file model_19.pdb (PDB, C-alpha atoms)
ATOM      1  CA  MET A   1     148.477  92.809  90.724
ATOM      2  CA  ILE A   2     150.664  90.093  89.196
ATOM      3  CA  THR A   3     153.875  90.938  87.336
ATOM      4  CA  ILE A   4     154.977  88.737  84.462
ATOM      5  CA  LYS A   5     158.533  89.039  83.098
ATOM      6  CA  PHE A   6     159.226  87.660  79.639
ATOM      7  CA  ASN A   7     162.847  86.786  78.906
ATOM      8  CA  SER A   8     164.647  86.528  75.590
ATOM      9  CA  ILE A   9     162.504  85.479  72.616
ATOM     10  CA  LEU A  10     159.413  85.121  74.803
ATOM     11  CA  LYS A  11     159.008  88.900  74.787
ATOM     12  CA  ARG A  12     157.192  88.414  71.480
ATOM     13  CA  LEU A  13     154.262  87.037  73.506
ATOM     14  CA  ASN A  14     153.898  90.478  75.109
ATOM     15  CA  ASN A  15     154.284  92.801  72.096
ATOM     16  CA  ASN A  16     158.084  92.678  72.509
ATOM     17  CA  LYS A  17     157.864  94.134  76.007
ATOM     18  CA  GLU A  18     159.702  92.537  78.903
ATOM     19  CA  ILE A  19     157.142  93.205  81.646
ATOM     20  CA  SER A  20     153.380  92.909  81.860
ATOM     21  CA  GLU A  21     151.051  93.472  84.795
ATOM     22  CA  LEU A  22     147.806  91.650  85.284
ATOM     23  CA  GLU A  23     144.944  92.240  87.694
ATOM     24  CA  PHE A  24     144.822  89.466  90.259
ATOM     25  CA  LYS A  25     141.847  87.105  90.261
ATOM     26  CA  GLU A  26     141.150  84.257  92.655
ATOM     27  CA  ASN A  27     142.311  80.740  91.808
ATOM     28  CA  TYR A  28     144.978  81.629  89.245
ATOM     29  CA  LYS A  29     147.599  79.003  88.576
ATOM     30  CA  VAL A  30     150.810  79.528  86.619
ATOM     31  CA  LYS A  31     149.350  77.527  83.730
ATOM     32  CA  ASP A  32     146.419  79.976  83.502
ATOM     33  CA  ILE A  33     148.838  82.866  83.013
ATOM     34  CA  LEU A  34     150.722  80.934  80.324
ATOM     35  CA  LYS A  35     147.451  80.258  78.483
ATOM     36  CA  MET A  36     146.510  83.956  78.597
ATOM     37  CA  TYR A  37     149.697  84.809  76.741
ATOM     38  CA  LYS A  38     149.295  81.889  74.316
ATOM     39  CA  VAL A  39     152.524  80.168  75.301
ATOM     40  CA  ILE A  40     153.128  77.129  73.122
ATOM     41  CA  PRO A  41     153.592  73.913  75.163
ATOM     42  CA  GLY A  42     157.270  73.031  75.353
ATOM     43  CA  GLU A  43     158.363  76.602  74.592
ATOM     44  CA  VAL A  44     159.132  77.516  78.211
ATOM     45  CA  GLY A  45     162.164  75.963  79.881
ATOM     46  CA  ILE A  46     162.127  77.635  83.306
ATOM     47  CA  ILE A  47     159.396  79.321  85.305
ATOM     48  CA  LEU A  48     160.222  81.322  88.412
ATOM     49  CA  LEU A  49     157.595  82.381  90.927
ATOM     50  CA  ASN A  50     158.999  85.018  93.274
ATOM     51  CA  SER A  51     162.530  83.888  92.336
ATOM     52  CA  ASP A  52     161.863  80.204  93.149
ATOM     53  CA  LEU A  53     161.464  77.418  90.600
ATOM     54  CA  ALA A  54     157.792  76.903  89.856
ATOM     55  CA  ALA A  55     155.541  74.393  88.159
ATOM     56  CA  GLU A  56     152.512  75.132  86.003
ATOM     57  CA  GLU A  57     150.214  73.829  88.761
ATOM     58  CA  ASP A  58     151.499  76.301  91.379
ATOM     59  CA  ASP A  59     149.003  78.838  92.738
ATOM     60  CA  VAL A  60     149.526  82.521  92.003
ATOM     61  CA  ARG A  61     148.737  85.165  94.611
ATOM     62  CA  ASP A  62     148.312  88.900  94.546
ATOM     63  CA  GLY A  63     151.719  90.611  94.372
ATOM     64  CA  ASP A  64     153.524  87.613  92.849
ATOM     65  CA  VAL A  65     156.180  87.957  90.163
ATOM     66  CA  ILE A  66     156.374  85.288  87.465
ATOM     67  CA  GLU A  67     159.415  85.049  85.197
ATOM     68  CA  ILE A  68     159.396  82.818  82.160
ATOM     69  CA  PHE A  69     162.469  81.711  80.247
ATOM     70  CA  PRO A  70     162.629  79.848  76.917
ATOM     71  CA  ILE A  71     164.133  76.433  76.406
ATOM     72  CA  PHE A  72     167.905  76.775  76.360
ATOM     73  CA  GLY A  73     169.997  74.726  74.007
ATOM     74  CA  GLY A  74     173.563  74.421  73.001
ATOM     75  CA  GLY A  75     176.266  72.037  72.302
TER      76      GLY A  75
END
call {"tool": "encode", "arguments": {"input": "model_19.pdb", "output": "structure tokens"}}
result
Amino acid sequence: MITIKFNSILKRLNNNKEISELEFKENYKVKDILKMYKVIPGEVGIILLNSDLAAEEDDVRDGDVIEIFPIFGGG
């Protein structure tokens, strides 16, 4: 099982729920998970994989937790 946590406005990608669980399948990468939830390129600012910074090309394993955060802005 993989846990995906959607932060802030990205909850809309998961029916306004913060957490989703997904059955694990071999050869998942972070980018595959983002595609499943129809994340728009450039919409995500930070991705954490088990509390460490991650890239879209990183492999996902059974039991992993992915957190996605939107682009932050301010002035």
call {"tool": "resolve_selection", "arguments": {"input": "model_19.pdb", "expression": "the PyMOL selection byres ((chain A and resi 49) around 7)", "output": "list of chain:residue names"}}
result
A:Ile47, A:Leu48, A:Asn50, A:Ser51, A:Asp52, A:Leu53, A:Ala54, A:Asp64, A:Val65, A:Ile66, A:Glu67
call {"tool": "atom_distance", "arguments": {"input": "model_19.pdb", "atom1": "atom CA of Thr3 of chain A", "atom2": "atom CA of Gly45 of chain A"}}
result
18.7 Å
call {"tool": "resolve_selection", "arguments": {"input": "model_19.pdb", "expression": "the PyMOL selection byres ((chain A and resi 35-39) around 12)", "output": "VMD selection string"}}
result
chain A and resid 4 to 6 9 to 15 20 to 22 28 to 34 40 to 45 56 68 to 70
call {"tool": "atom_distance", "arguments": {"input": "model_19.pdb", "atom1": "atom CA of Gly73 of chain A", "atom2": "atom CA of Asn16 of chain A"}}
result
21.6 Å
call {"tool": "axis_aligned_box", "arguments": {"input": "model_19.pdb", "around": "segment 67-72 of chain A", "padding_each_side": "3 Å", "output": "JSON"}}
result
{"center_x": 163.7, "center_y": 80.7, "center_z": 80.8, "size_x": 14.5, "size_y": 14.6, "size_z": 14.8}
call {"tool": "closest_residue", "arguments": {"input": "model_19.pdb", "among": "A:Ile71, A:Ser8, A:Met1, A:Ala55", "to": "Glu26 of chain A", "atoms": "only C-alpha atoms"}}
result
A:Met1
call {"tool": "residues_around", "arguments": {"input": "model_19.pdb", "residues": "Asp62 of chain A", "least_positions_apart": "4", "cutoff": "8 Å", "atoms": "only C-alpha atoms", "output": "PyMOL selection string"}}
result
chain A and resi 1-2+24-25
call {"tool": "build_atoms", "arguments": {"input": "model_19.pdb", "residues": "segment 42-66 of chain A", "atoms": "N, CA and C atoms", "output": "CSV table (one decimal), in the frame of the given file"}}
result
chain,number,residue,atom,x,y,z
A,42,GLY,N,155.9,73.4,75.7
A,42,GLY,CA,157.3,73.0,75.4
A,42,GLY,C,158.2,74.2,75.0
A,43,GLU,N,157.6,75.4,74.9
A,43,GLU,CA,158.4,76.6,74.6
A,43,GLU,C,159.1,77.2,75.8
A,44,VAL,N,158.6,77.0,77.0
A,44,VAL,CA,159.1,77.5,78.2
A,44,VAL,C,160.0,76.5,78.9
A,45,GLY,N,161.2,76.9,79.2
A,45,GLY,CA,162.2,76.0,79.9
A,45,GLY,C,162.2,76.1,81.4
A,46,ILE,N,162.1,77.4,81.9
A,46,ILE,CA,162.1,77.6,83.3
A,46,ILE,C,161.0,78.7,83.7
A,47,ILE,N,160.4,78.4,84.8
A,47,ILE,CA,159.4,79.3,85.3
A,47,ILE,C,159.8,79.6,86.7
A,48,LEU,N,159.9,80.9,87.0
A,48,LEU,CA,160.2,81.3,88.4
A,48,LEU,C,159.0,82.0,89.0
A,49,LEU,N,158.7,81.7,90.2
A,49,LEU,CA,157.6,82.4,90.9
A,49,LEU,C,158.2,83.0,92.2
A,50,ASN,N,158.3,84.3,92.2
A,50,ASN,CA,159.0,85.0,93.3
A,50,ASN,C,160.4,84.5,93.5
A,51,SER,N,161.1,84.3,92.4
A,51,SER,CA,162.5,83.9,92.3
A,51,SER,C,162.8,82.4,92.7
A,52,ASP,N,161.7,81.6,92.9
A,52,ASP,CA,161.9,80.2,93.1
A,52,ASP,C,161.3,79.4,91.9
A,53,LEU,N,162.0,78.3,91.7
A,53,LEU,CA,161.5,77.4,90.6
A,53,LEU,C,160.0,77.1,90.8
A,54,ALA,N,159.2,77.1,89.8
A,54,ALA,CA,157.8,76.9,89.9
A,54,ALA,C,157.3,75.9,88.8
A,55,ALA,N,156.2,75.3,89.1
A,55,ALA,CA,155.5,74.4,88.2
A,55,ALA,C,154.2,75.0,87.7
A,56,GLU,N,153.7,74.6,86.6
A,56,GLU,CA,152.5,75.1,86.0
A,56,GLU,C,151.3,75.0,86.9
A,57,GLU,N,151.3,74.0,87.8
A,57,GLU,CA,150.2,73.8,88.8
A,57,GLU,C,150.3,74.7,90.0
A,58,ASP,N,151.4,75.5,90.2
A,58,ASP,CA,151.5,76.3,91.4
A,58,ASP,C,150.5,77.4,91.4
A,59,ASP,N,150.0,77.7,92.6
A,59,ASP,CA,149.0,78.8,92.7
A,59,ASP,C,149.7,80.2,92.6
A,60,VAL,N,149.0,81.2,92.1
A,60,VAL,CA,149.5,82.5,92.0
A,60,VAL,C,148.7,83.4,92.9
A,61,ARG,N,149.4,84.3,93.7
A,61,ARG,CA,148.7,85.2,94.6
A,61,ARG,C,149.0,86.6,94.2
A,62,ASP,N,148.2,87.5,94.8
A,62,ASP,CA,148.3,88.9,94.5
A,62,ASP,C,149.7,89.4,95.0
A,63,GLY,N,150.4,90.1,94.1
A,63,GLY,CA,151.7,90.6,94.4
A,63,GLY,C,152.8,89.7,93.9
A,64,ASP,N,152.5,88.5,93.3
A,64,ASP,CA,153.5,87.6,92.8
A,64,ASP,C,154.2,88.1,91.6
A,65,VAL,N,155.4,87.7,91.4
A,65,VAL,CA,156.2,88.0,90.2
A,65,VAL,C,156.5,86.6,89.5
A,66,ILE,N,156.1,86.5,88.2
A,66,ILE,CA,156.4,85.3,87.5
A,66,ILE,C,157.4,85.7,86.4
